[in-house]
Structures are given as C-alpha cells and as structure tokens.
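See below for the structure under consideration.
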Amino acid sequence: MISQCMIVKNEEKNIEKALSWGKGIVSEQIVVDTGSTDRTVEIAEKMGAKVCHFAWIDDFAAAKNYAIEQAQYEWIAFLDADEYFLPEDAEKLPALLQEIQDTVYNGVATGWLHLDAKGNITQADTQIRIFRNLPGLRYERRVHEYLTLDHVPIRVIEKVNELGIYHTGYVEAVQQKKVASKRNLNLLLAELKDHPDDYEMWGYLGNEYDAMELFGQAKEAYQKAISFMPEVLAEGRHGAAALTFLRYLNLLAFRDMAAEEEILALYGQAVRHMPKEGDYDYIIGEYYAANGNYRKAEYHIRRSLELLETYGNMVLSAVVSGKIMKAYELLAICCYNNHNLADCVKFTTALLKENPYLMSTLLLMVSAFGRDESTSKAGISGAAQVAAFLGSNFYNFQSLKDRLFVLRASMAAGYEALTSVMRGTFTEQELVAVDRSLSHENRETGPSEADKANKSLRIVLFYSEVESFNFFTDQLDGEFKKRGHKTYIFDLRMPAEEDVHSKANFERFLSEGVDMAVCFDALGIREDLYPGINQIWDRLHTAVMDIFMDAPTRFFPAFAALPGQYFMFCCDRDHVDYMKRHYAKTVKNVTFMPHAGVMPAGQVPPIPYNERKYDILFCGTYYRPEDKFVDLKQELAQAFPGDTAMYQFYEYMYQNLKEDAGLSIEQAALVTADRIGWTIPEDFMEALMYCAESVDWAVRMYQRERVIAVLADAGLTVHLLGRGWENHPCAGRANVYRIDDRIPYGQTLSYMADAKITLNVMPWFKNGTHDRIFNAMLQRSVPLTDASGWIREHFTDGVDIALYDLEHLDRLSGIAARLLEDESYAGSVIEAGYKRATEGFTWSDCADRLLETVNQADAG
C-alpha cells in the first residue's frame, strides 16, 4: 500500500498531472499546501486528494516531514508537483515494492530525468523519492533536504533502469524565477549559520551565486565546499560533492575564463575524490574543443564515455548521460579535426542510426568522406561508394525528400563529386524543381540584378565563448534590424538543436542565402569551429566582415584558407600595415576601423558629477606579468621544442617594451633581433608574432600595474572592476577598492556612468583605439587614457579627452587630481567628448561602415 505525498504552492499548472499518475496505483494522495493563492487547492480537492495546510517557515524538510506524518500506508512516494511517473512505470510500483518488502532496503533509487520546455531530456540523474513509512525516517536541512533514518543514511536499492521520474521544474523560465526570488540563497545562508562546515551546503551556495552571475562569490563558496569535503565520502553523499566540482569546473572553464592550469588543478582534485565520475572529463573535453585543442578534447570525451559505460549513471555521469548524443557529436567533431576520419565516420554513423535527419551530423560525415584521400582521389567512383553507403544505411533514395537531404549536405560540405553523383539520382524534371528550390543556396552565377536592387540583406552574426564579443554582436544585430535587414546569430558553442541559435537553425537560415557574415577576431571563418564554413561563404557569395578587436597576428592560422569575399577591419593602423606587408596574397581587403561605444538607453539624465560614486574607475583584468611567461614557456615548448634561445628572445623583447613604451610589438621584435644580431626571415615573422601574444599581455599588465600604483600612492581613490586585482601590489590599500571579479560587459556601462573618471590603459595598440574610451565618453565620464598616434590625431588633450604618458607617469596623479577637483573643467571635457563620440564612434556608425563595404563589393 502506497501513500503519495507532495508539498505545493501555486502549482495550478502542474497539480493535475502530478496527481494523475497515481490514480489506481496509490492508496491515498496527500497534498500539503504552504500558502497557494491560485487554484492549486481547489484542483487537488476536486481530484480527491487529502489537502492539508502548513504555514511556511522557510524549511523544506519541516514541510515534507509534516506531509509524511499525514501518511498512513507502508510506503511513501514523495514526488514534487513538477514531477511524474509515466503510466507504464507507475504500474510497476506495487510489484516492485512487494518484491523488496522483506529486505533490508528502506528506499528506492530511481532515474530522475530533466526535461526542457519541449519535453526533451537534457540531463539524467538519480533520486530517492520512494521509501518506507518509518517513525525515524525523515528529511533533514531547510533546503536541498535529504532522507535519513534516525540521522543515519538509509539503505537504498537501485532501480534506475526500471523507473524514471520526469522533472519539468528546471526549464529556464522557472529556474530564473527561483533565482530571482533569492529563496534558496536565504535558506542556504540560514543553514550554514547553523552548520558552517557543511560542504554540501557550501556547494549549493556556490550554485546559487553562479546562477546569479556572482562569480567571485561562487568561487569562494566552491572553495569552502572543497576545503570541508572529506577525502572519503559517506555512502549516499556522492551526488552533492560531484555537483560542486562539476559546477565549479564549468564556472572556471566557460564563465570565468580561468587559466588552463587552474582548471586542470581543479579537475585533478575532482578526479581524486571521484575517479568513477565521467562528467569532469566531459566538461574538460568541451573546454578544450571550445579552445581549438581537439587532441586533448578527444581524449577527455572518450574517457568520459568510457567511465559512463564502465560505472553507469546511478549517481554518476549525470551530465554526459543526459547529453549522450551531443557527446558523440562532439567526439566526431574532434576526430574530424584530428584527421581521425575513420572514427569520425563511425561516430556519425551511430548518431545517424538514431536520427538520420540530423543535418549537422550528416554534414560532418560527408565532410570526412570528402577529406579522406582514398575517397577524394577516387573522384566520382569514390563518391558513388559514399552515396551507396548512405543509401543502404540511412536513406531511401526512392524518396525525393531523402535524396534532396543528402544533396544539400554534399553541397554544404563542398564535396563536388558527391554533389554530382546525387544530382544524377534525379530525373530532368525533378532537377528543374530541385534547382528552383535551391536557387538561394546554390548561387553559381552570383546574385541577380533583382537581388542587388533589394536593399534588405540577409546577415549572419556569431556568438562564442567571448562574452564581450557577444555583447558587441547584439549591438550590431540591433542596428541591422533597425535598417530592415534580416539577421541570424549562430552560436559557435553549439547549443542544443531546439535552441534558436543552433546549428540546425543556422543551416535553415543558410538555405535562403546569406549576403553578409559579420564576426570578431576570425570567429566566423575558423574551420576548426565549423568544418567547411569558408566553402559555404564562397558558395553563397557571402561577403565576410571580420572585425579585429585584438591584434590579427594572434590568429594567423585562420588566414590559411579564406573566403573569396573577405574584408578585415583592424583597430590599429599598424596592424593594417603589417597585414598588407605580410599577408598581401591572402588578405586582399584590410582597412582601419576604430572601436565603437554604446549609446545610453533612453533619455536618462547623467548623474551630477559631484554625486558620482566612483572617483576613478578601471574596468579590466589584471595578471602578474611574470605569470604570462609561464604561458609563454608552454607555448614555445610546442612551437619550438628544445629551442631555449627563443624564450630568451622574448624575455629580451619584453625588456625592450618596458624601456620604450612607444614601440609596437612588431617594432620590439625587430629591435630585439637587431640588438642580438638576428636576421628574421620573412616567412618566420608570422610565427614569431603569433607566439608574441604572451609578451603583449605581459607588457600591458606591467603598465596597468604601474598606472594603478601611481594613483594609489598619490592617495587617490581607485575602484577596480575585473579579475585578478587581488594579486596587485596595492591590493588591500584603504583607497583601492574592488567592485567585483567579473560582470557581464554591458553592466560595466552603468559603472562608467557613475564614475567621474574612467581610466584606460591602452592594449598594445600604438596607433589605434579601444572601446573603453568611447564607452566612457558616451556614458559622460572623463576618459583618462595613455595616447596612441591615432588618438592624438583625432582628439585634443584637455578638450574632449584627458591624456597621460606612460613615459612620464609622475604627472598622472596631477592630471587626475585636477579633473576631480575642477568640476567645471571636467564637465567641459565630458560634454565635448560625448559630442565627438556621437559623431562617428557608435555601433550605429560601425554598422553603416559594414553595410557600405558590402554594397561596394556588390557594385564591384
């Protein structure tokens, strides 16, 4: 005999389904209401449930224990209102409980399957929701409560494969509402006040801070959790510990953008605690794949799947088991990029067996066949074998739909021989219809005159792991839409198929043609992120606009294969000159375009200068300069194994940059080579500059360190917004404040609007710009920055901008003090700077420049 119990509040949308599964299965249904104001109680009573009322006291365990006390039968099934059994699983319950009636087991572990808004399983886990009705068997803790029998974990039998609870409560909207209410946060803090060394509670607290995007606080909570975690975990306590490591790893890898060594150190801790857990390797595999290291990514994804297969997922590998299809697709992508084409085909074959209409998977398989030498050299005969393989395993070529599906994939992959073979499967009459339907996809003759006359363009933009670039993308997307263009943003992080920014939706958008693609720092042309992407741009005659917010020298491997209509925009005129000298054969269109700033929303009046919260604000990251040379050693060990002279070259180059702040990175390399008697071959300069990224970072961190120290030593109040400032020599000073580790880029604008001075230390752009300058101007803050050649040409110190010199930092504090003390002077700089920024340095101006470029390309 079974009592079904639940506690509820305002669950009128779920309550009927929550009670329905138990009809005819359980002997009673007990609903404990904790204060509903909707129709929950009315619906429950109409369905025959026994409704009891419990005054909410901020304690889930107390409410659940009250519900248990109302139950009168031997077994309890305690599901939440947003959970249910499928009818076929519910019917198994009586027999299963009868089977274990006379055993030592007091609880049953079942599967716990999280569903998204469309009913797709996103994660698989384990829960204990069925247990004996015993006097001492009760829940403990206010939140994230768990069952004990007289304060000892209960004995559980595992029935994960027989029973599964479906959970709908963590779809995005519901979860956001829970986070916004801070309900769990307050309960966790209360619980930790009573039990300050409870590692599970610290881990859950980290999860809440992470969901609220308070990443610094999340890291502190996770670190506390790990410090209190025992080396050997008690039976039944694996899940919370596993989640702590998992969420912390995810935070470091994908939100905090931590250094690789920090991520791997945490991964090592996690594996030592739970060596059978596969999710850690899955996260690390995703991290390496996102950063283009497919060798390491393949290793970790394989290991993740092997652990899942070996140990199962009763309380292990919840993420990878819930994303099993995505895991195999990611593994196939890794194999493709590692030229392990046989395994790529093996894994895509398994995926297509499950669902043959995954276009991204078929595209990957066809690309692998097209890249394979034995197939490509065989030409039409090899392609005919590929077509026969596809037809015998996945598709019915008697079906026009299936033939068209494969034809689309072969065209998207640029596999011309297979395209020819597939076209041969259509009759002449069918081909006329097919070519008509593919006319936007297969623009062999270029855009028609009607297309050129139509001013509405189809534009693709990109999301990536770089949060600031995503913000910039949103700005451009809004500007293009204002002008009547149709846009689509493709997320290179490869979200689930149902996501609006997924591969599948990207491919659907491509099917109607693309006039322009806009990306930052080569993200829209990288074959390692999306195989065949440049062939797609060429086939569609798409003009690709590539905006470099950083030095393009960092990304030279991406320039090996560029689309025909490729336009590079650099934020430093020296970068333009460098590209023209060294890449003239491949990068034929490269021009200077300054950064852009964001116009304030609406007509919000500026905060009066003397009422602003921050005297001097700096938004940006800090690393100890020497830490960057640790990265450099690792990079050089791969690029120039065994060559110690290269490391010494870069150390000397760094010293030259410190001594002469006017040198560009390229000039510093040439000066260094001249001083030590090196001759740099022309074809070696690309690799030399590529590896100079760590030196670039080290010298800018060195200058940031000096600038902040000068202001702090002068007694001026400085506020720092960004990661790593706890490592600065002035950290902890009474006049140096940290605001937060990291916040979304867009939120920094509100801090600038509340700052008298927004400090800028230029990246190593000696003839360029930075977005901090224009954002400060547009938020009506004084931009105080070191100069560049371009800045001195276009702005006037003391009129529309405030400048200092890295070679004369002894004057910096005086410049800042005058701006803080003379409100009239600062106000005139603010208003002049605002006017200058609105005249040409907004995202609207950037959008116009891109549209002008694509129109000129069409006209040409």
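In the structure tokens, chains take the letters A, B, ... in the order shown, each chain's residues start at 1, and ligands count up from 1 in the order shown.
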Using DSSP on the backbone, list every residue of region 259-328 of chain A that comes out as helix (DSSP H, G or I), and give them as a ChimeraX atom specification. /A:260-273,279-290,294-311,318-322,324-328
Kindly save the residues from that selection, with N, CA and C atoms included, as a short mmCIF file (atom, residue, chain, number, x, y, z; two decimals), in the first residue's frame.
data_model
loop_
_atom_site.label_atom_id
_atom_site.label_comp_id
_atom_site.auth_asym_id
_atom_site.auth_seq_id
_atom_site.Cartn_x
_atom_site.Cartn_y
_atom_site.Cartn_z
N GLU A 260 44.37 27.73 -17.96
CA GLU A 260 44.28 26.28 -18.12
C GLU A 260 44.80 25.54 -16.89
N GLU A 261 45.89 26.03 -16.31
CA GLU A 261 46.46 25.33 -15.17
C GLU A 261 45.51 25.34 -13.96
N GLU A 262 44.75 26.42 -13.80
CA GLU A 262 43.79 26.48 -12.70
C GLU A 262 42.65 25.48 -12.93
N ILE A 263 42.20 25.40 -14.16
CA ILE A 263 41.13 24.46 -14.50
C ILE A 263 41.60 23.02 -14.29
N LEU A 264 42.81 22.72 -14.76
CA LEU A 264 43.32 21.35 -14.63
C LEU A 264 43.61 20.98 -13.18
N ALA A 265 44.00 21.96 -12.38
CA ALA A 265 44.23 21.67 -10.96
C ALA A 265 42.93 21.24 -10.29
N LEU A 266 41.85 21.94 -10.61
CA LEU A 266 40.55 21.58 -10.04
C LEU A 266 40.08 20.22 -10.59
N TYR A 267 40.30 19.99 -11.89
CA TYR A 267 39.96 18.71 -12.48
C TYR A 267 40.68 17.57 -11.75
N GLY A 268 41.98 17.77 -11.44
CA GLY A 268 42.74 16.75 -10.72
C GLY A 268 42.15 16.46 -9.35
N GLN A 269 41.74 17.52 -8.63
CA GLN A 269 41.09 17.32 -7.33
C GLN A 269 39.81 16.52 -7.48
N ALA A 270 39.01 16.88 -8.48
CA ALA A 270 37.73 16.21 -8.68
C ALA A 270 37.92 14.73 -8.96
N VAL A 271 38.87 14.41 -9.82
CA VAL A 271 39.11 13.01 -10.19
C VAL A 271 39.62 12.22 -9.00
N ARG A 272 40.45 12.85 -8.17
CA ARG A 272 40.94 12.14 -6.98
C ARG A 272 39.80 11.82 -6.01
N HIS A 273 38.85 12.73 -5.88
CA HIS A 273 37.71 12.48 -5.00
C HIS A 273 36.76 11.44 -5.58
N ASP A 279 31.59 13.03 -15.74
CA ASP A 279 31.21 14.38 -16.14
C ASP A 279 32.39 15.34 -16.16
N TYR A 280 33.39 15.10 -15.29
CA TYR A 280 34.53 16.02 -15.25
C TYR A 280 35.29 15.99 -16.57
N ASP A 281 35.48 14.79 -17.09
CA ASP A 281 36.17 14.70 -18.38
C ASP A 281 35.33 15.29 -19.50
N TYR A 282 34.02 15.17 -19.38
CA TYR A 282 33.16 15.76 -20.41
C TYR A 282 33.32 17.29 -20.43
N ILE A 283 33.32 17.91 -19.25
CA ILE A 283 33.50 19.36 -19.17
C ILE A 283 34.86 19.77 -19.72
N ILE A 284 35.90 19.04 -19.34
CA ILE A 284 37.25 19.36 -19.83
C ILE A 284 37.32 19.16 -21.35
N GLY A 285 36.64 18.12 -21.83
CA GLY A 285 36.60 17.92 -23.28
C GLY A 285 35.94 19.08 -24.00
N GLU A 286 34.81 19.55 -23.46
CA GLU A 286 34.14 20.72 -24.04
C GLU A 286 35.06 21.95 -24.01
N TYR A 287 35.76 22.10 -22.91
CA TYR A 287 36.66 23.25 -22.75
C TYR A 287 37.75 23.23 -23.83
N TYR A 288 38.40 22.07 -24.00
CA TYR A 288 39.46 22.01 -25.00
C TYR A 288 38.91 22.17 -26.42
N ALA A 289 37.75 21.61 -26.68
CA ALA A 289 37.15 21.76 -28.01
C ALA A 289 36.84 23.22 -28.29
N ALA A 290 36.28 23.92 -27.29
CA ALA A 290 35.95 25.33 -27.47
C ALA A 290 37.19 26.17 -27.73
N TYR A 294 41.77 20.00 -30.18
CA TYR A 294 40.93 18.83 -30.41
C TYR A 294 41.62 17.53 -30.01
N ARG A 295 42.95 17.52 -29.93
CA ARG A 295 43.64 16.32 -29.46
C ARG A 295 43.26 16.02 -28.02
N LYS A 296 43.40 17.02 -27.18
CA LYS A 296 43.06 16.84 -25.77
C LYS A 296 41.56 16.67 -25.60
N ALA A 297 40.79 17.38 -26.38
CA ALA A 297 39.33 17.26 -26.28
C ALA A 297 38.89 15.83 -26.58
N GLU A 298 39.46 15.24 -27.64
CA GLU A 298 39.09 13.87 -28.00
C GLU A 298 39.42 12.90 -26.87
N TYR A 299 40.59 13.06 -26.26
CA TYR A 299 40.98 12.18 -25.17
C TYR A 299 39.97 12.23 -24.03
N HIS A 300 39.59 13.43 -23.62
CA HIS A 300 38.72 13.57 -22.45
C HIS A 300 37.28 13.14 -22.76
N ILE A 301 36.77 13.43 -23.96
CA ILE A 301 35.42 12.98 -24.29
C ILE A 301 35.36 11.46 -24.34
N ARG A 302 36.39 10.85 -24.91
CA ARG A 302 36.44 9.36 -24.94
C ARG A 302 36.47 8.82 -23.50
N ARG A 303 37.29 9.42 -22.67
CA ARG A 303 37.39 8.93 -21.28
C ARG A 303 36.05 9.10 -20.55
N SER A 304 35.39 10.20 -20.81
CA SER A 304 34.08 10.42 -20.19
C SER A 304 33.09 9.32 -20.56
N LEU A 305 33.05 8.97 -21.82
CA LEU A 305 32.12 7.94 -22.28
C LEU A 305 32.52 6.56 -21.77
N GLU A 306 33.82 6.33 -21.66
CA GLU A 306 34.28 5.04 -21.11
C GLU A 306 33.89 4.89 -19.64
N LEU A 307 34.01 5.96 -18.87
CA LEU A 307 33.62 5.92 -17.46
C LEU A 307 32.13 5.69 -17.32
N LEU A 308 31.35 6.33 -18.17
CA LEU A 308 29.90 6.13 -18.15
C LEU A 308 29.56 4.68 -18.44
N GLU A 309 30.21 4.12 -19.45
CA GLU A 309 29.93 2.73 -19.83
C GLU A 309 30.36 1.75 -18.73
N THR A 310 31.47 2.05 -18.07
CA THR A 310 32.02 1.14 -17.05
C THR A 310 31.22 1.16 -15.76
N TYR A 311 30.87 2.37 -15.30
CA TYR A 311 30.29 2.51 -13.97
C TYR A 311 28.81 2.89 -13.96
N ALA A 318 25.91 12.23 -14.65
CA ALA A 318 24.55 12.67 -14.96
C ALA A 318 24.52 13.54 -16.22
N VAL A 319 25.52 14.41 -16.37
CA VAL A 319 25.52 15.34 -17.50
C VAL A 319 25.77 14.61 -18.81
N VAL A 320 26.83 13.80 -18.85
CA VAL A 320 27.16 13.14 -20.11
C VAL A 320 26.08 12.14 -20.50
N SER A 321 25.45 11.48 -19.52
CA SER A 321 24.39 10.54 -19.88
C SER A 321 23.16 11.27 -20.41
N GLY A 322 22.92 12.48 -19.90
CA GLY A 322 21.80 13.27 -20.41
C GLY A 322 22.08 13.89 -21.76
N ILE A 324 24.10 12.44 -24.20
CA ILE A 324 24.88 11.40 -24.85
C ILE A 324 25.03 11.64 -26.35
N MET A 325 23.96 12.10 -26.99
CA MET A 325 24.04 12.37 -28.43
C MET A 325 25.02 13.51 -28.71
N LYS A 326 24.93 14.56 -27.90
CA LYS A 326 25.83 15.69 -28.08
C LYS A 326 27.28 15.27 -27.83
N ALA A 327 27.48 14.38 -26.85
CA ALA A 327 28.83 13.92 -26.54
C ALA A 327 29.45 13.20 -27.74
N TYR A 328 28.66 12.34 -28.38
CA TYR A 328 29.18 11.62 -29.54
C TYR A 328 29.38 12.55 -30.73
#
Region 453-555 of chain A: residues DSSP assigns to strand (DSSP E), reported as number ranges by chain: A: 458-463, 486-491, 516-520, 543-548
Any idea what's packed within 10 Å of region 98-102 of chain A, counting only C-alpha atoms, ignoring anything in its chain fewer than 3 positions away? Could you give it as number ranges by chain? A: 1, 74-75, 93-95, 105-108, 132, 157
Distance CA of Ile676 (chain A)-CA of Val695 (chain A), one decimal place? 17.8 Å
When distances are computed from only C-alpha atoms, which of A:Leu330, A:Glu498, A:Leu97, A:Lys159 shows the smallest separation from Phe131 (chain A)?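 Result for the nearest residue to Phe131 (chain A): A:Leu97.
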Near region 197-211 of chain A, counting only C-alpha atoms, which residues have an atom at most 7 Å away, once you skip same-chain residues fewer than 2 positions from it, shown as a PyMOL selection string? chain A and resi 179+185+188+192+195+213-215+217-219+221-222+224-226+228-229+240-241+244+247
Nearest to Glu659 (chain A) among A:Val782, A:Val671, A:Leu149, A:Ala692, with distances taken over only C-alpha atoms: which residue is it?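 Under the stated criterion, the closest residue is A:Val671.
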